[in-house]
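Peer 1: This structure is in structure tokens; I'll ask about it shortly.
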There are 2 protein chains.
Amino acid sequence: MTDLPDFDLDRFTPYRLAVVAQKTSEGLARLYRDRFGISIPEWRVLAHLAHSGDVSVRDIEARVVMEKSKVSRAAARLEAAGYLQKTADKSDRRLVSMSLTAKGNTLMSELLPLAMEYQRRLEDRLGAAFDDFEAGVDRLLSDGKVP
Amino acid sequence: MTDLPDFDLDRFTPYRLAVVAQKTSEGLARLYRDRFGISIPEWRVLAHLAHSGDVSVRDIEARVVMEKSKVSRAAARLEAAGYLQKTADKSDRRLVSMSLTAKGNTLMSELLPLAMEYQRRLEDRLGAAFDDFEAGVDRLLSDGKVP
DNA sequence: ACATATTCGTTGCATTTGCAACGAAGTCAA
DNA sequence: TTGACTTCGTTGCAAATGCAACGAATATGT
């Protein structure tokens with residue numbers, strides 16, 4: 001039975017990030033899931049739409065770490081619920097141009113303040129450390145891969 | 001059509017954490033998935049075992065953000081592959097005490113150096129910012145919830 | 001001691017997910 | 001133009017997931 005190297009899981013960054021990411025995502029989801037019936041993938045699509053206006057499935061896939069089939073299905077649910085509309089892009093008819101409906105806009109006018117309030121709570125918790133922390137995230141996100 | 005509040009997704013911490021966590025988890029998984037046939041949940045269980053010796057399903061569930069059924073099934077696959085053995089706890093026979101087999105120990109003697117090398121690469125990328133960054137993660141993880 | 005409540009790990013089931021394959025649309029080169 | 005190749009979004013399908021329910025074991029209260 002070989003002796004294993006000394007490995008401290010509690011100091012292992014990928015593990016720590018997985019835990020903290022899931023906690024913050026679920027903490028946020030608690031604010032909107034029951035009240036609005038929105039799932040996490042759906043929230044991500046909506047947030048992109050509110051942020052960027054007209055967006056294609058591929059735009060979202062490229063920016064979030066979210067498979068295109070996941071985006072496609074989330075968008076289908078949002079369309080069925082009347083929050084989102086799809087139109088074929090005029091100049092490239094392969095692209096689906098997605099945008100918020102009036103109903104979707106109303107939804108986001110309620111959701112975004114919740115998200116911003118949540119962000120404020122995270123910033124409060126980090127206090128003066130916030131900027132350094134976000135700078136670290138920037139570094140990890142910077143060049144394409146984190147190999 | 002109400003004007004939505006100004007919301008910058010690129011600065012939204014839960015979203016940034018989700019992206020960076022997934023990138024690092026997948027970056028790590030690339031090192032072991034194909035070579036050893038281990039999935040991410042299985043890796044997490046193995047890492048806990050290497051770190052803590054004998055562990056029950058509930059121990060893992062409590063420390064990682066990982067549903068007990070997910071832990072149970074990952075452990076079942078690892079047991080079938082011969083990496084892990086289960087024994088009933090003597091003092092409380094509801095508990096399943098899991099530990100690495102000799103084969104599992106050999107596996108981890110190969111996996112752990114990969115993980116530690118990956119950790120080193122993340123630390124290199126963060127450079128002097130590493131300590132501040134990890135301090136921020138500590139703050140977010142600290143008290144139970146991130147409400 | 002006994003009945004009731006709780007905890008642990010597994011499993012059944014419906015939903016979600018990832019991957020590959022697909023048709024439609026567009027690009028490119030000869 | 002034609003034909004081969006690429007890109008976009010959707011969908012079929014198998015695997016993974018989350019949740020609730022379950023049996024077994026233990027704890028609790030009277």
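Ligands are numbered from 1 in the order shown, chains are lettered A, B, ... in the order of the structure tokens, and residues start at 1 in each chain.
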Using only C-alpha atoms (C1' of nucleotides), what does the table of chain A residues within 12 Å of chain C look like, with each row giving the shortest atom pair and its distance in Å to one decimal, sorted by chain and ascending number, as JSON lines?
Peer 2:
{"residue": "A:Ser39", "atom": "CA", "partner": "C:DT16", "partner_atom": "C1'", "distance": 11.2}
{"residue": "A:Ile40", "atom": "CA", "partner": "C:DT16", "partner_atom": "C1'", "distance": 11.9}
{"residue": "A:Pro41", "atom": "CA", "partner": "C:DT16", "partner_atom": "C1'", "distance": 10.8}
{"residue": "A:Met66", "atom": "CA", "partner": "C:DG18", "partner_atom": "C1'", "distance": 10.7}
{"residue": "A:Glu67", "atom": "CA", "partner": "C:DG18", "partner_atom": "C1'", "distance": 8.0}
{"residue": "A:Lys68", "atom": "CA", "partner": "C:DG18", "partner_atom": "C1'", "distance": 10.1}
{"residue": "A:Ser69", "atom": "CA", "partner": "C:DG18", "partner_atom": "C1'", "distance": 8.4}
{"residue": "A:Lys70", "atom": "CA", "partner": "C:DT17", "partner_atom": "C1'", "distance": 7.7}
{"residue": "A:Val71", "atom": "CA", "partner": "C:DT17", "partner_atom": "C1'", "distance": 11.5}
{"residue": "A:Arg73", "atom": "CA", "partner": "C:DT16", "partner_atom": "C1'", "distance": 10.1}
{"residue": "A:Ala74", "atom": "CA", "partner": "C:DT16", "partner_atom": "C1'", "distance": 10.8}
{"residue": "A:Ala88", "atom": "CA", "partner": "C:DA25", "partner_atom": "C1'", "distance": 11.4}
{"residue": "A:Asp89", "atom": "CA", "partner": "C:DA25", "partner_atom": "C1'", "distance": 11.4}
{"residue": "A:Lys90", "atom": "CA", "partner": "C:DA25", "partner_atom": "C1'", "distance": 11.9}
{"residue": "A:Ser91", "atom": "CA", "partner": "C:DG26", "partner_atom": "C1'", "distance": 10.3}
{"residue": "A:Asp92", "atom": "CA", "partner": "C:DG26", "partner_atom": "C1'", "distance": 7.5}
{"residue": "A:Arg93", "atom": "CA", "partner": "C:DA25", "partner_atom": "C1'", "distance": 6.3}
{"residue": "A:Arg94", "atom": "CA", "partner": "C:DA25", "partner_atom": "C1'", "distance": 5.4}
{"residue": "A:Leu95", "atom": "CA", "partner": "C:DA25", "partner_atom": "C1'", "distance": 9.0}
{"residue": "A:Val96", "atom": "CA", "partner": "C:DA25", "partner_atom": "C1'", "distance": 11.9}
Peer 1: Need the shell around stretch 120-125 of chain B: protein/DNA/RNA residues with any atom at most 12 Å away, counting only C-alpha atoms (C1' of nucleotides). Skip same-chain ones fewer than 5 positions apart. Format as a count of residues only?
Peer 2: 31
Peer 1: Expressed in Å to a single decimal, how great is the separation between atom CA of B:Ser52 and atom CA of B:Arg30?
Peer 2: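 Distance reported for this atom pair: 24.6 Å.
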Peer 1: List the neighbours of A:Asn105 out to 8 Å using only C-alpha atoms (C1' of nucleotides); skip same-chain residues closer than 5 positions along the sequence, and give me the result as a list in words.
Peer 2: Ala50, Tyr83 and Leu100 of chain A; Met1, Thr2 and Leu4 of chain B
Peer 1: Could you check how far atom CA of A:Gly82 sits from atom CA of A:Ser56, in Å to one decimal?
Peer 2: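 A separation of 17.5 Å between them.
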Peer 1: Could you produce a table of the residues of chain D lying within 12 Å of chain A, with the nearest pair of atoms per residue and their separation in Å rounded to one decimal, using only C-alpha atoms (C1' of nucleotides), ordered by chain and increasing residue number, as a Markdown table?
Peer 2:
| residue | atom | partner | partner_atom | distance |
| --- | --- | --- | --- | --- |
| D:DT7 | C1' | A:Arg94 | CA | 8.1 |
| D:DC8 | C1' | A:Arg94 | CA | 5.2 |
| D:DG9 | C1' | A:Ser72 | CA | 7.2 |
| D:DT10 | C1' | A:Ser72 | CA | 7.5 |
| D:DT11 | C1' | A:Ser69 | CA | 9.1 |
Peer 1: In Å to one decimal, how far is atom CA of A:Ala18 from atom CA of B:Val65?
Peer 2: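 Distance reported for this atom pair: 8.3 Å.
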